[in-house]
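> Please read through the structure below; I'll follow up with questions.
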Amino acid sequence: MKPLSKSQKYPLLFSFAVLLFFVTTVIIFKGIEREKILLEQPKDIVVVNTSTVATQIYWKTNPGQIQRLQYKKETETGLYKTAKTGIIDIEIPDKQRIYYTTLSDLEPNTKYLFRIESQNRSWDNGYSFQTKPIAEELFLPEIATGETDKKSLILITIEDEKYLQDTQYHGTWALDTQGRDYTTETYANYTKESELRSQLLDIISPPVYAQSGANC
């Protein structure tokens, strides 16, 4: 076989270089797009505090993400309704953003679908919840309590039900478990870095107050 001349090799090398550049560019752009999608992906989605006519939904995402939640009855064929959401920005241990919403005026014993909209994508992985039926019996409350860190969101699981309690500034929670077994875990802590730093300084170097009295 006759070897290629230089005039024949250069166009082939140039074509190969262009193809390699194109493939590399596509791979890089796909990687950037995938990274962008992962940054927007909602995490740790929990449906909590569900009653016959209301429920709450919490989820986590990366800092700075703008997201919203939409919902509708499973039997409805119309458009989703957009819920009002609140934001808690977490600093410790890692920076993240928590979204939460309260859905009210729901129908008892009814299944609802919901999805989360981010800036570039709609996240709809079969998310749903069902409101409780109207109870025919009344039960005396059996309150369980616990102590934990202040400014914590405590996730309490009772059988297939989930509840979220905010310990706020007192560091305690209370819930009517109706005598059923339950487990708890910290969903998030929203203490600011500046507050934690101040608390640590108070522990390391507690304030010294001057004595009062006739001999001072």
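In the structure tokens, chains take the letters A, B, ... in the order shown, each chain's residues start at 1, and ligands count up from 1 in the order shown.
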Neighbours of Ile154 in chain A within 7 Å (only C-alpha atoms; same-chain residues fewer than 2 positions away dropped), as a PyMOL selection string?

chain A and resi 152+156+164-166+184-187

> I need the residues from that last selection saved to file as a CSV table (one decimal), in the first residue's frame (with C-alpha atoms), if you can.


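Resulting contents of out.csv:
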chain,number,residue,atom,x,y,z
A,152,SER,CA,-33.7,22.4,65.4
A,156,ILE,CA,-40.7,12.3,64.3
A,164,LEU,CA,-41.9,17.9,62.1
A,165,GLN,CA,-41.4,19.9,65.3
A,166,ASP,CA,-39.5,23.2,65.6
A,184,THR,CA,-36.8,10.9,66.1
A,185,GLU,CA,-34.0,12.4,64.0
A,186,THR,CA,-32.7,16.0,63.4
A,187,TYR,CA,-33.9,17.1,60.0

> Would you kindly return, as a PyMOL selection string, each protein, DNA or RNA residue with an atom no farther than 12 Å from any atom of Tyr169 in chain A, considering only C-alpha atoms and excluding same-chain residues fewer than 3 positions away?

chain A and resi 147-153+166+172-173+189-191+195

> Can I get the selected residues back with N, CA and C atoms, as a PDB file, in the first residue's frame?


ATOM      1  N   GLU A 147     -36.127  16.614  74.545  1.00  0.00           N
ATOM      2  CA  GLU A 147     -35.223  17.759  74.585  1.00  0.00           C
ATOM      3  C   GLU A 147     -34.101  17.547  73.582  1.00  0.00           C
ATOM      4  N   THR A 148     -33.715  18.608  72.917  1.00  0.00           N
ATOM      5  CA  THR A 148     -32.635  18.529  71.938  1.00  0.00           C
ATOM      6  C   THR A 148     -32.039  19.922  71.770  1.00  0.00           C
ATOM      7  N   ASP A 149     -31.253  20.118  70.729  1.00  0.00           N
ATOM      8  CA  ASP A 149     -30.640  21.426  70.505  1.00  0.00           C
ATOM      9  C   ASP A 149     -31.703  22.468  70.167  1.00  0.00           C
ATOM     10  N   LYS A 150     -31.427  23.689  70.543  1.00  0.00           N
ATOM     11  CA  LYS A 150     -32.309  24.785  70.170  1.00  0.00           C
ATOM     12  C   LYS A 150     -32.240  25.013  68.658  1.00  0.00           C
ATOM     13  N   LYS A 151     -33.294  25.626  68.132  1.00  0.00           N
ATOM     14  CA  LYS A 151     -33.386  25.946  66.705  1.00  0.00           C
ATOM     15  C   LYS A 151     -33.154  24.709  65.835  1.00  0.00           C
ATOM     16  N   SER A 152     -33.821  23.629  66.194  1.00  0.00           N
ATOM     17  CA  SER A 152     -33.718  22.392  65.423  1.00  0.00           C
ATOM     18  C   SER A 152     -35.086  22.000  64.882  1.00  0.00           C
ATOM     19  N   LEU A 153     -35.089  21.406  63.706  1.00  0.00           N
ATOM     20  CA  LEU A 153     -36.291  20.806  63.144  1.00  0.00           C
ATOM     21  C   LEU A 153     -36.186  19.305  63.382  1.00  0.00           C
ATOM     22  N   ASP A 166     -40.511  22.143  65.563  1.00  0.00           N
ATOM     23  CA  ASP A 166     -39.490  23.186  65.636  1.00  0.00           C
ATOM     24  C   ASP A 166     -39.207  23.480  67.106  1.00  0.00           C
ATOM     25  N   THR A 172     -37.079  22.116  73.128  1.00  0.00           N
ATOM     26  CA  THR A 172     -37.948  20.993  73.492  1.00  0.00           C
ATOM     27  C   THR A 172     -39.035  20.816  72.440  1.00  0.00           C
ATOM     28  N   TRP A 173     -39.631  19.641  72.425  1.00  0.00           N
ATOM     29  CA  TRP A 173     -40.755  19.379  71.534  1.00  0.00           C
ATOM     30  C   TRP A 173     -41.793  18.535  72.265  1.00  0.00           C
ATOM     31  N   ASN A 189     -30.674  21.947  61.597  1.00  0.00           N
ATOM     32  CA  ASN A 189     -30.479  22.929  62.660  1.00  0.00           C
ATOM     33  C   ASN A 189     -30.198  24.270  61.999  1.00  0.00           C
ATOM     34  N   TYR A 190     -30.962  25.296  62.381  1.00  0.00           N
ATOM     35  CA  TYR A 190     -30.828  26.583  61.699  1.00  0.00           C
ATOM     36  C   TYR A 190     -30.154  27.653  62.555  1.00  0.00           C
ATOM     37  N   THR A 191     -29.312  27.219  63.502  1.00  0.00           N
ATOM     38  CA  THR A 191     -28.503  28.175  64.258  1.00  0.00           C
ATOM     39  C   THR A 191     -27.504  28.847  63.321  1.00  0.00           C
ATOM     40  N   GLU A 195     -24.260  33.051  65.942  1.00  0.00           N
ATOM     41  CA  GLU A 195     -24.870  32.644  67.208  1.00  0.00           C
ATOM     42  C   GLU A 195     -24.071  31.521  67.858  1.00  0.00           C
TER      43      GLU A 195
END

> In terms of the shortest atom-to-atom distance over only C-alpha atoms, which of A:Pro93, A:Gly179, A:Pro133, A:Pro63 is closest to Ser51 in chain A?

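Of all the options, A:Pro133 lies closest to Ser51 in chain A.
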
> Based on the backbone DSSP call, show me all residues of range 14-198 of chain A assigned strand (DSSP E or B), as a CSV table (one decimal) with N, CA and C atoms, in the first residue's frame.


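Written output follows (states.csv):
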chain,number,residue,atom,x,y,z
A,43,LYS,N,-33.8,17.7,47.7
A,43,LYS,CA,-33.4,16.5,48.4
A,43,LYS,C,-34.2,16.5,49.7
A,44,ASP,N,-34.2,15.3,50.3
A,44,ASP,CA,-34.8,15.1,51.6
A,44,ASP,C,-36.2,15.7,51.7
A,45,ILE,N,-37.0,15.3,50.7
A,45,ILE,CA,-38.4,15.8,50.7
A,45,ILE,C,-39.3,15.0,51.7
A,46,VAL,N,-39.9,15.7,52.6
A,46,VAL,CA,-40.8,15.1,53.6
A,46,VAL,C,-42.1,15.7,53.6
A,47,VAL,N,-43.1,14.9,53.7
A,47,VAL,CA,-44.5,15.3,53.9
A,47,VAL,C,-44.9,15.1,55.4
A,48,VAL,N,-45.2,16.1,56.1
A,48,VAL,CA,-45.3,16.0,57.6
A,48,VAL,C,-46.6,16.7,58.1
A,55,THR,N,-51.6,19.8,55.2
A,55,THR,CA,-50.3,19.1,55.4
A,55,THR,C,-49.2,20.1,55.2
A,56,GLN,N,-48.0,19.7,55.5
A,56,GLN,CA,-46.8,20.5,55.3
A,56,GLN,C,-45.8,19.7,54.5
A,57,ILE,N,-45.0,20.4,53.7
A,57,ILE,CA,-44.0,19.7,52.9
A,57,ILE,C,-42.7,20.5,53.1
A,58,TYR,N,-41.6,19.8,53.4
A,58,TYR,CA,-40.3,20.4,53.5
A,58,TYR,C,-39.3,19.8,52.5
A,59,TRP,N,-38.4,20.5,52.0
A,59,TRP,CA,-37.3,19.9,51.2
A,59,TRP,C,-36.1,20.8,51.2
A,60,LYS,N,-34.9,20.2,50.9
A,60,LYS,CA,-33.7,20.9,50.9
A,60,LYS,C,-33.1,21.0,49.5
A,61,THR,N,-32.3,22.1,49.3
A,61,THR,CA,-31.6,22.3,48.1
A,61,THR,C,-30.4,23.1,48.4
A,68,ARG,N,-40.2,26.3,43.7
A,68,ARG,CA,-41.6,26.5,44.1
A,68,ARG,C,-42.3,25.1,44.1
A,69,LEU,N,-43.4,24.9,44.8
A,69,LEU,CA,-44.1,23.7,44.8
A,69,LEU,C,-45.5,23.9,44.2
A,70,GLN,N,-45.9,22.9,43.4
A,70,GLN,CA,-47.2,22.9,42.8
A,70,GLN,C,-47.9,21.6,43.2
A,71,TYR,N,-49.3,21.7,43.3
A,71,TYR,CA,-50.0,20.5,43.7
A,71,TYR,C,-51.4,20.5,43.1
A,72,LYS,N,-52.0,19.3,43.1
A,72,LYS,CA,-53.4,19.2,42.7
A,72,LYS,C,-53.9,17.8,43.1
A,73,LYS,N,-55.2,17.7,43.1
A,73,LYS,CA,-55.8,16.4,43.4
A,73,LYS,C,-55.5,15.4,42.3
A,81,LYS,N,-51.8,23.9,41.1
A,81,LYS,CA,-51.9,25.1,41.9
A,81,LYS,C,-50.5,25.4,42.5
A,82,THR,N,-50.1,26.6,42.5
A,82,THR,CA,-48.8,27.0,43.1
A,82,THR,C,-49.0,27.4,44.6
A,86,GLY,N,-42.0,29.2,52.2
A,86,GLY,CA,-41.0,29.9,53.0
A,86,GLY,C,-39.6,29.3,52.9
A,87,ILE,N,-38.7,30.1,53.3
A,87,ILE,CA,-37.3,29.7,53.2
A,87,ILE,C,-36.5,29.8,54.5
A,88,ILE,N,-35.7,28.8,54.8
A,88,ILE,CA,-34.8,28.8,55.9
A,88,ILE,C,-33.4,28.5,55.4
A,89,ASP,N,-32.5,29.5,55.5
A,89,ASP,CA,-31.1,29.3,55.0
A,89,ASP,C,-30.3,28.7,56.1
A,90,ILE,N,-29.7,27.5,55.9
A,90,ILE,CA,-28.9,26.8,56.9
A,90,ILE,C,-27.4,27.1,56.7
A,96,GLN,N,-27.0,25.2,53.1
A,96,GLN,CA,-28.0,24.7,52.2
A,96,GLN,C,-29.3,25.5,52.5
A,97,ARG,N,-30.3,25.3,51.7
A,97,ARG,CA,-31.5,26.1,51.8
A,97,ARG,C,-32.7,25.1,52.0
A,98,ILE,N,-33.6,25.4,52.9
A,98,ILE,CA,-34.7,24.6,53.2
A,98,ILE,C,-36.0,25.4,52.7
A,99,TYR,N,-36.8,24.7,51.9
A,99,TYR,CA,-38.1,25.3,51.5
A,99,TYR,C,-39.2,24.6,52.3
A,100,TYR,N,-40.2,25.3,52.7
A,100,TYR,CA,-41.4,24.6,53.3
A,100,TYR,C,-42.7,25.3,52.9
A,101,THR,N,-43.7,24.6,52.9
A,101,THR,CA,-45.0,25.1,52.6
A,101,THR,C,-46.1,24.4,53.4
A,102,THR,N,-47.2,25.1,53.7
A,102,THR,CA,-48.4,24.6,54.3
A,102,THR,C,-49.5,24.6,53.3
A,103,LEU,N,-50.0,23.4,53.0
A,103,LEU,CA,-51.2,23.3,52.1
A,103,LEU,C,-52.4,23.1,53.0
A,111,LYS,N,-56.1,11.8,47.8
A,111,LYS,CA,-54.8,11.8,47.4
A,111,LYS,C,-54.4,13.0,46.5
A,112,TYR,N,-53.3,13.6,46.8
A,112,TYR,CA,-52.8,14.7,46.0
A,112,TYR,C,-51.5,14.4,45.4
A,113,LEU,N,-51.2,15.0,44.3
A,113,LEU,CA,-49.9,14.9,43.6
A,113,LEU,C,-49.2,16.3,43.8
A,114,PHE,N,-47.9,16.3,43.8
A,114,PHE,CA,-47.2,17.5,43.8
A,114,PHE,C,-45.8,17.4,43.1
A,115,ARG,N,-45.3,18.5,42.7
A,115,ARG,CA,-44.0,18.6,42.0
A,115,ARG,C,-43.3,19.8,42.4
A,116,ILE,N,-42.0,19.8,42.2
A,116,ILE,CA,-41.2,20.9,42.6
A,116,ILE,C,-40.5,21.5,41.4
A,117,GLU,N,-40.7,22.8,41.2
A,117,GLU,CA,-40.2,23.5,40.0
A,117,GLU,C,-38.9,24.3,40.4
A,122,SER,N,-38.5,20.7,36.0
A,122,SER,CA,-39.6,20.3,36.9
A,122,SER,C,-39.3,18.9,37.5
A,123,TRP,N,-39.3,18.8,38.8
A,123,TRP,CA,-39.0,17.6,39.5
A,123,TRP,C,-40.3,16.9,39.9
A,128,SER,N,-46.4,12.4,46.1
A,128,SER,CA,-47.9,12.4,46.4
A,128,SER,C,-48.0,12.3,47.9
A,129,PHE,N,-49.2,12.7,48.4
A,129,PHE,CA,-49.6,12.5,49.8
A,129,PHE,C,-51.1,12.3,49.9
A,130,GLN,N,-51.6,11.8,51.0
A,130,GLN,CA,-53.0,11.6,51.2
A,130,GLN,C,-53.4,12.1,52.5
A,143,ILE,N,-49.3,12.6,75.3
A,143,ILE,CA,-48.2,13.5,74.8
A,143,ILE,C,-46.8,12.9,75.1
A,144,ALA,N,-46.0,12.9,74.1
A,144,ALA,CA,-44.6,12.5,74.3
A,144,ALA,C,-43.8,13.8,74.1
A,145,THR,N,-42.7,13.9,74.9
A,145,THR,CA,-41.9,15.1,74.9
A,145,THR,C,-40.4,14.7,74.7
A,146,GLY,N,-39.6,15.7,74.3
A,146,GLY,CA,-38.2,15.5,74.2
A,146,GLY,C,-37.4,16.7,74.3
A,147,GLU,N,-36.1,16.6,74.5
A,147,GLU,CA,-35.2,17.8,74.6
A,147,GLU,C,-34.1,17.5,73.6
A,152,SER,N,-33.8,23.6,66.2
A,152,SER,CA,-33.7,22.4,65.4
A,152,SER,C,-35.1,22.0,64.9
A,153,LEU,N,-35.1,21.4,63.7
A,153,LEU,CA,-36.3,20.8,63.1
A,153,LEU,C,-36.2,19.3,63.4
A,154,ILE,N,-37.1,18.8,64.2
A,154,ILE,CA,-37.0,17.4,64.6
A,154,ILE,C,-38.1,16.6,63.8
A,155,LEU,N,-37.6,15.6,63.1
A,155,LEU,CA,-38.5,14.7,62.3
A,155,LEU,C,-38.9,13.5,63.2
A,156,ILE,N,-40.2,13.4,63.4
A,156,ILE,CA,-40.7,12.3,64.3
A,156,ILE,C,-41.5,11.3,63.4
A,157,THR,N,-41.1,10.0,63.4
A,157,THR,CA,-41.8,9.0,62.6
A,157,THR,C,-42.6,8.1,63.5
A,158,ILE,N,-43.9,8.0,63.2
A,158,ILE,CA,-44.8,7.1,63.9
A,158,ILE,C,-45.5,6.2,62.9
A,161,GLU,N,-46.5,7.6,59.5
A,161,GLU,CA,-46.8,9.0,59.6
A,161,GLU,C,-45.5,9.8,60.0
A,162,LYS,N,-45.4,11.0,59.5
A,162,LYS,CA,-44.2,11.8,59.9
A,162,LYS,C,-44.7,13.2,60.4
A,163,TYR,N,-44.0,13.7,61.4
A,163,TYR,CA,-44.3,15.0,62.0
A,163,TYR,C,-43.0,15.7,62.1
A,164,LEU,N,-43.1,17.1,62.0
A,164,LEU,CA,-41.9,17.9,62.1
A,164,LEU,C,-42.2,18.9,63.2
A,165,GLN,N,-41.3,19.0,64.2
A,165,GLN,CA,-41.4,19.9,65.3
A,165,GLN,C,-40.2,20.9,65.3
A,166,ASP,N,-40.5,22.1,65.6
A,166,ASP,CA,-39.5,23.2,65.6
A,166,ASP,C,-39.2,23.5,67.1
A,172,THR,N,-37.1,22.1,73.1
A,172,THR,CA,-37.9,21.0,73.5
A,172,THR,C,-39.0,20.8,72.4
A,173,TRP,N,-39.6,19.6,72.4
A,173,TRP,CA,-40.8,19.4,71.5
A,173,TRP,C,-41.8,18.5,72.3
A,174,ALA,N,-43.0,18.6,71.8
A,174,ALA,CA,-44.1,17.8,72.4
A,174,ALA,C,-45.1,17.4,71.3
A,175,LEU,N,-45.6,16.1,71.3
A,175,LEU,CA,-46.4,15.6,70.3
A,175,LEU,C,-47.3,14.6,70.8
A,176,ASP,N,-48.6,14.6,70.4
A,176,ASP,CA,-49.5,13.6,70.7
A,176,ASP,C,-49.3,12.3,69.9
A,183,THR,N,-39.8,7.2,66.4
A,183,THR,CA,-38.4,7.5,66.3
A,183,THR,C,-38.2,9.0,66.0
A,184,THR,N,-37.1,9.5,66.4
A,184,THR,CA,-36.8,10.9,66.1
A,184,THR,C,-35.4,11.1,65.4
A,185,GLU,N,-35.3,12.1,64.6
A,185,GLU,CA,-34.0,12.4,64.0
A,185,GLU,C,-34.0,13.9,63.7
A,186,THR,N,-32.8,14.5,63.7
A,186,THR,CA,-32.7,16.0,63.4
A,186,THR,C,-32.8,16.2,61.9
A,187,TYR,N,-33.8,16.8,61.4
A,187,TYR,CA,-33.9,17.1,60.0
A,187,TYR,C,-32.9,18.3,59.6
A,188,ALA,N,-32.8,19.3,60.5
A,188,ALA,CA,-31.9,20.4,60.2
A,188,ALA,C,-31.8,21.2,61.5
A,189,ASN,N,-30.7,21.9,61.6
A,189,ASN,CA,-30.5,22.9,62.7
A,189,ASN,C,-30.2,24.3,62.0

> With distances taken over only C-alpha atoms, which residue among A:Gln178, A:Asn109, A:Asn120, A:Gln41 lies nearest Glu159 in chain A?

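Smallest distance to Glu159 in chain A is found for A:Gln178.
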